[in-house]
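**Student:** PDB, C-alpha atoms and all ligand atoms, file coords-v7.pdb:
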```pdb
ATOM      1  CA  MET E  61    -100.278 -12.157  53.169
ATOM      2  CA  ASN E  62     -96.724 -10.840  52.941
ATOM      3  CA  HIS E  63     -95.040  -9.252  55.925
ATOM      4  CA  PRO E  64     -95.170  -5.443  55.356
ATOM      5  CA  SER E  65     -91.354  -5.230  55.006
ATOM      6  CA  VAL E  66     -91.157  -7.774  52.168
ATOM      7  CA  ASP E  67     -92.091  -5.362  49.366
ATOM      8  CA  LEU E  68     -89.450  -2.892  50.576
ATOM      9  CA  LEU E  69     -86.867  -5.678  50.729
ATOM     10  CA  ASN E  70     -87.720  -6.980  47.257
ATOM     11  CA  LYS E  71     -87.578  -3.489  45.780
ATOM     12  CA  ALA E  72     -84.097  -3.176  47.281
ATOM     13  CA  VAL E  73     -83.111  -6.565  45.771
ATOM     14  CA  ALA E  74     -84.180  -5.290  42.316
ATOM     15  CA  ASP E  75     -82.135  -2.089  42.748
ATOM     16  CA  GLU E  76     -79.091  -3.999  43.986
ATOM     17  CA  LEU E  77     -79.295  -6.428  41.045
ATOM     18  CA  GLN E  78     -79.516  -3.419  38.759
ATOM     19  CA  ALA E  79     -76.382  -1.977  40.381
ATOM     20  CA  VAL E  80     -74.473  -5.281  40.020
ATOM     21  CA  HIS E  81     -75.278  -5.455  36.300
ATOM     22  CA  GLN E  82     -74.592  -1.759  35.709
ATOM     23  CA  TYR E  83     -71.294  -1.778  37.602
ATOM     24  CA  MET E  84     -70.053  -4.900  35.815
ATOM     25  CA  TYR E  85     -70.926  -3.215  32.502
ATOM     26  CA  PHE E  86     -68.830  -0.231  33.646
ATOM     27  CA  HIS E  87     -66.066  -2.598  34.757
ATOM     28  CA  PHE E  88     -65.828  -4.279  31.326
ATOM     29  CA  HIS E  89     -65.698  -0.975  29.455
ATOM     30  CA  LEU E  90     -63.239   0.786  31.779
ATOM     31  CA  ASP E  91     -60.971  -2.250  31.648
ATOM     32  CA  ASP E  92     -61.229  -2.268  27.836
ATOM     33  CA  GLN E  93     -60.195   1.413  27.762
ATOM     34  CA  GLY E  94     -57.104   0.646  29.847
ATOM     35  CA  PHE E  95     -58.326   2.243  33.094
ATOM     36  CA  GLY E  96     -57.534  -0.756  35.282
ATOM     37  CA  PRO E  97     -57.793   0.733  38.783
ATOM     38  CA  LEU E  98     -61.154   2.417  38.166
ATOM     39  CA  ALA E  99     -62.391  -0.774  36.460
ATOM     40  CA  LYS E 100     -61.377  -2.672  39.567
ATOM     41  CA  LEU E 101     -63.200  -0.254  41.879
ATOM     42  CA  PHE E 102     -66.416  -0.980  39.972
ATOM     43  CA  LYS E 103     -65.902  -4.743  40.177
ATOM     44  CA  LYS E 104     -65.190  -4.555  43.917
ATOM     45  CA  THR E 105     -68.283  -2.414  44.450
ATOM     46  CA  ALA E 106     -70.424  -4.825  42.388
ATOM     47  CA  ILE E 107     -69.298  -7.643  44.688
ATOM     48  CA  VAL E 108     -70.348  -5.595  47.744
ATOM     49  CA  GLU E 109     -73.760  -4.974  46.143
ATOM     50  CA  MET E 110     -74.055  -8.739  45.603
ATOM     51  CA  GLY E 111     -73.483  -9.182  49.331
ATOM     52  CA  HIS E 112     -76.313  -6.707  49.927
ATOM     53  CA  ILE E 113     -78.609  -8.910  47.832
ATOM     54  CA  GLU E 114     -77.696 -11.884  49.994
ATOM     55  CA  THR E 115     -78.446  -9.978  53.215
ATOM     56  CA  LEU E 116     -81.797  -8.780  51.839
ATOM     57  CA  ALA E 117     -82.667 -12.259  50.558
ATOM     58  CA  GLU E 118     -81.940 -13.888  53.920
ATOM     59  CA  ARG E 119     -84.293 -11.439  55.598
ATOM     60  CA  ILE E 120     -87.034 -12.052  53.004
ATOM     61  CA  LEU E 121     -86.796 -15.814  53.564
ATOM     62  CA  PHE E 122     -86.834 -15.322  57.332
ATOM     63  CA  LEU E 123     -90.101 -13.403  56.841
ATOM     64  CA  LYS E 124     -91.451 -16.489  55.005
ATOM     65  CA  SER E 125     -91.634 -14.902  51.592
ATOM     66  CA  ASP E 126     -89.662 -15.345  48.360
ATOM     67  CA  VAL E 127     -86.967 -13.315  46.629
ATOM     68  CA  ASN E 128     -87.790 -11.652  43.318
ATOM     69  CA  MET E 129     -84.557 -11.837  41.287
ATOM     70  CA  SER E 130     -85.276  -9.318  38.519
ATOM     71  CA  THR E 131     -83.441  -6.037  37.965
ATOM     72  CA  SER E 132     -85.353  -2.792  38.455
ATOM     73  CA  GLY E 133     -84.647  -1.561  34.897
ATOM     74  CA  PRO E 134     -82.443  -1.699  31.801
ATOM     75  CA  ILE E 135     -78.694  -1.085  31.899
ATOM     76  CA  ALA E 136     -77.462   2.318  30.657
ATOM     77  CA  ALA E 137     -74.892   1.984  27.839
ATOM     78  CA  ILE E 138     -72.551   4.678  29.195
ATOM     79  CA  GLN E 139     -68.830   4.323  28.408
ATOM     80  CA  ASP E 140     -67.226   7.700  29.087
ATOM     81  CA  PRO E 141     -65.418   7.533  32.477
ATOM     82  CA  ALA E 142     -66.742  10.860  33.825
ATOM     83  CA  GLU E 143     -70.287  10.008  32.726
ATOM     84  CA  ILE E 144     -69.937   6.552  34.266
ATOM     85  CA  LEU E 145     -68.960   8.082  37.597
ATOM     86  CA  ALA E 146     -71.764  10.663  37.471
ATOM     87  CA  LYS E 147     -74.280   7.865  36.849
ATOM     88  CA  ALA E 148     -72.862   5.716  39.658
ATOM     89  CA  ILE E 149     -72.909   8.650  42.114
ATOM     90  CA  ALA E 150     -76.567   9.326  41.241
ATOM     91  CA  MET E 151     -77.404   5.627  41.758
ATOM     92  CA  GLU E 152     -75.705   5.511  45.160
ATOM     93  CA  ARG E 153     -77.402   8.729  46.252
ATOM     94  CA  GLN E 154     -80.788   7.348  45.222
ATOM     95  CA  SER E 155     -80.146   4.053  47.047
ATOM     96  CA  ALA E 156     -79.169   5.848  50.255
ATOM     97  CA  ALA E 157     -82.326   8.004  50.042
ATOM     98  CA  ASP E 158     -84.527   4.953  49.340
ATOM     99  CA  TYR E 159     -83.004   2.932  52.187
ATOM    100  CA  ASN E 160     -83.347   5.811  54.636
ATOM    101  CA  GLN E 161     -87.028   5.924  53.762
ATOM    102  CA  ALA E 162     -87.380   2.150  53.951
ATOM    103  CA  ALA E 163     -85.758   2.171  57.401
ATOM    104  CA  GLN E 164     -88.267   4.767  58.597
ATOM    105  CA  GLN E 165     -91.148   2.733  57.241
ATOM    106  CA  CYS E 166     -89.867  -0.431  58.947
ATOM    107  CA  GLY E 167     -89.592   1.530  62.189
ATOM    108  CA  ALA E 168     -93.213   2.622  61.817
ATOM    109  CA  ASN E 169     -94.167  -1.038  61.233
ATOM    110  CA  ALA E 170     -92.316  -2.093  64.432
ATOM    111  CA  ASP E 171     -89.793  -4.188  62.448
ATOM    112  CA  ALA E 172     -86.539  -3.169  64.131
ATOM    113  CA  ALA E 173     -84.351  -5.837  62.504
ATOM    114  CA  THR E 174     -85.242  -4.836  58.922
ATOM    115  CA  LYS E 175     -84.874  -1.186  59.944
ATOM    116  CA  GLN E 176     -81.308  -1.893  61.114
ATOM    117  CA  LEU E 177     -80.568  -3.808  57.926
ATOM    118  CA  PHE E 178     -81.576  -0.812  55.802
ATOM    119  CA  GLU E 179     -79.609   1.562  58.028
ATOM    120  CA  ALA E 180     -76.463  -0.525  57.540
ATOM    121  CA  LEU E 181     -76.982  -0.417  53.769
ATOM    122  CA  VAL E 182     -77.241   3.396  53.883
ATOM    123  CA  GLY E 183     -73.726   3.517  55.355
ATOM    124  CA  ASP E 184     -72.338   1.246  52.629
ATOM    125  CA  GLU E 185     -73.994   3.169  49.785
ATOM    126  CA  GLU E 186     -72.691   6.473  51.143
ATOM    127  CA  SER E 187     -69.170   5.049  51.242
ATOM    128  CA  HIS E 188     -69.548   3.957  47.587
ATOM    129  CA  GLN E 189     -70.775   7.438  46.706
ATOM    130  CA  ASP E 190     -67.749   8.917  48.465
ATOM    131  CA  ALA E 191     -65.285   6.664  46.586
ATOM    132  CA  PHE E 192     -66.874   7.499  43.212
ATOM    133  CA  GLU E 193     -66.945  11.238  44.007
ATOM    134  CA  LYS E 194     -63.227  11.210  44.770
ATOM    135  CA  GLN E 195     -62.516   9.667  41.378
ATOM    136  CA  LEU E 196     -64.770  12.138  39.548
ATOM    137  CA  ASP E 197     -63.179  15.088  41.389
ATOM    138  CA  ASN E 198     -59.734  13.945  40.256
ATOM    139  CA  ILE E 199     -60.878  13.583  36.647
ATOM    140  CA  LYS E 200     -62.297  17.113  36.811
ATOM    141  CA  ARG E 201     -59.034  18.474  38.257
ATOM    142  CA  PHE E 202     -56.504  16.582  36.153
ATOM    143  CA  GLY E 203     -58.453  15.280  33.144
ATOM    144  CA  LEU E 204     -58.464  11.710  31.862
ATOM    145  CA  SER E 205     -54.677  11.589  32.148
ATOM    146  CA  TYR E 206     -55.345  11.086  35.873
ATOM    147  CA  LEU E 207     -56.917   7.692  35.109
ATOM    148  CA  ALA E 208     -54.144   6.777  32.668
ATOM    149  CA  LEU E 209     -51.405   7.641  35.179
ATOM    150  CA  GLN E 210     -53.271   5.738  37.880
ATOM    151  CA  SER E 211     -53.209   2.645  35.645
ATOM    152  CA  PHE E 212     -49.431   2.910  35.144
ATOM    153  CA  GLY E 213     -48.619   3.564  38.762
ATOM    154  CA  ALA E 214     -50.954   1.492  40.839
ATOM    155  CA  GLY E 215     -50.134  -1.983  39.561
ATOM    156  CA  ALA E 216     -53.851  -2.591  38.989
ATOM    157  CA  GLU E 217     -54.733  -1.799  42.612
ATOM    158  CA  ALA E 218     -58.184  -0.318  43.114
ATOM    159  CA  PRO E 219     -57.883   3.443  43.732
ATOM    160  CA  ALA E 220     -59.906   3.728  46.908
ATOM    161  CA  GLU E 221     -61.290   1.360  49.478
ATOM    162  CA  SER E 222     -64.896   0.553  48.848
ATOM    163  CA  LYS E 223     -66.747  -1.217  51.606
TER     164      LYS E 223
HETATM  165 FE    FE E 301     -76.052  -1.843  47.765
HETATM  166 FE    FE E 302     -73.625   0.926  46.513
END
```
What would you get if you wrote out this structure as structure tokens?
Ligand SMILES: [Fe+2]
Ligand SMILES: [Fe+2]

**Tutor:**
Amino acid sequence: MNHPSVDLLNKAVADELQAVHQYMYFHFHLDDQGFGPLAKLFKKTAIVEMGHIETLAERILFLKSDVNMSTSGPIAAIQDPAEILAKAIAMERQSAADYNQAAQQCGANADAATKQLFEALVGDEESHQDAFEKQLDNIKRFGLSYLALQSFGAGAEAPAESK
């Protein structure tokens, strides 16, 4: 029988894989539209989510189970920058809520190490949410010209640090 934390960990793997695919889709389209810095923020964040998958997978293997490498759902074909950011913010918010709950459940199952793992992920997802919210706020204040000006000025640097 699986350790009680394994299902929670594998559900998180599926959500993280979903985020990697979705964020790379956003990266391709933002880059294609000439919004280099925002495109780069999505690529950087996708790489962090990939690291999350690795952390989750290591824990699953330690618990003597196997990693299920399928995404939790289809990828949304969203290409408008403000809609992209709204979707990403909703995804990060959902992940933080799910991981908070998973951490509580692991605590109840006396699995402190998995609990800590989920708690660390909550911090990362909230920092992603924060970075995306800053970008969406600026689009709302200044319009899409904000993204265009960012691409001219920043020399393709990502707009905000994303852990
Ligand atoms: Fe993540
Ligand atoms: Fe995230």

**Student:** I need the output of the PyMOL selection byres (((chain E and resi 179-185) around 7) and not hetatm) for this file as a list in words; which residues are they?

**Tutor:**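 Listing what the PyMOL selection byres (((chain E and resi 179-185) around 7) and not hetatm) selects in the shown file: Glu152, Ser155, Ala156, Tyr159, Asn160, Ala163, Lys175, Gln176, Leu177, Phe178, Glu186, Ser187, His188, Gln189 and Lys223 of chain E.
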
**Student:** Quick one: apply the PyMOL selection byres (((not hetatm)) within 12 of (chain E and resi 302)) to the file and drop the selected residues here as a PyMOL selection string.

**Tutor:** chain E and resi 72+75-80+82-83+101-113+147-159+180-192+222-223

**Student:** Apply the PyMOL selection byres (((chain E and resi 130-139) around 8) and not hetatm) to the structure shown and report the selected residues as a PyMOL selection string.

**Tutor:** chain E and resi 71+73-78+81-82+86+89-90+128-129+140-141+143-144

**Student:** Which residues come within 12 Å of range 200-216 of chain E, counting all atoms listed in the file, excluding same-chain residues fewer than 5 positions away, as an NGL selection string?

**Tutor:** :E and (90-91 or 93-101 or 140-143 or 145-146 or 193-195)

**Student:** Considering only C-alpha atoms and all ligand atoms, can you say which of E:Val127, E:Met61, E:Leu69, E:Cys166 comes closest to ligand FE 301 (chain E)?

**Tutor:** E:Leu69

**Student:** Which of these, E:Ser65, E:Thr115, E:Asn198, E:Thr174, has the shortest distance to ligand FE 301 (chain E) once you count only C-alpha atoms and all ligand atoms?

**Tutor:** E:Thr115

**Student:** If you measure from CA of Ala162 in chain E to CA of Leu68 in chain E, what distance in Å do you get, rounded to one decimal?

**Tutor:**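 Interatomic distance, CA of Ala162 in chain E to CA of Leu68 in chain E: 6.4 Å.
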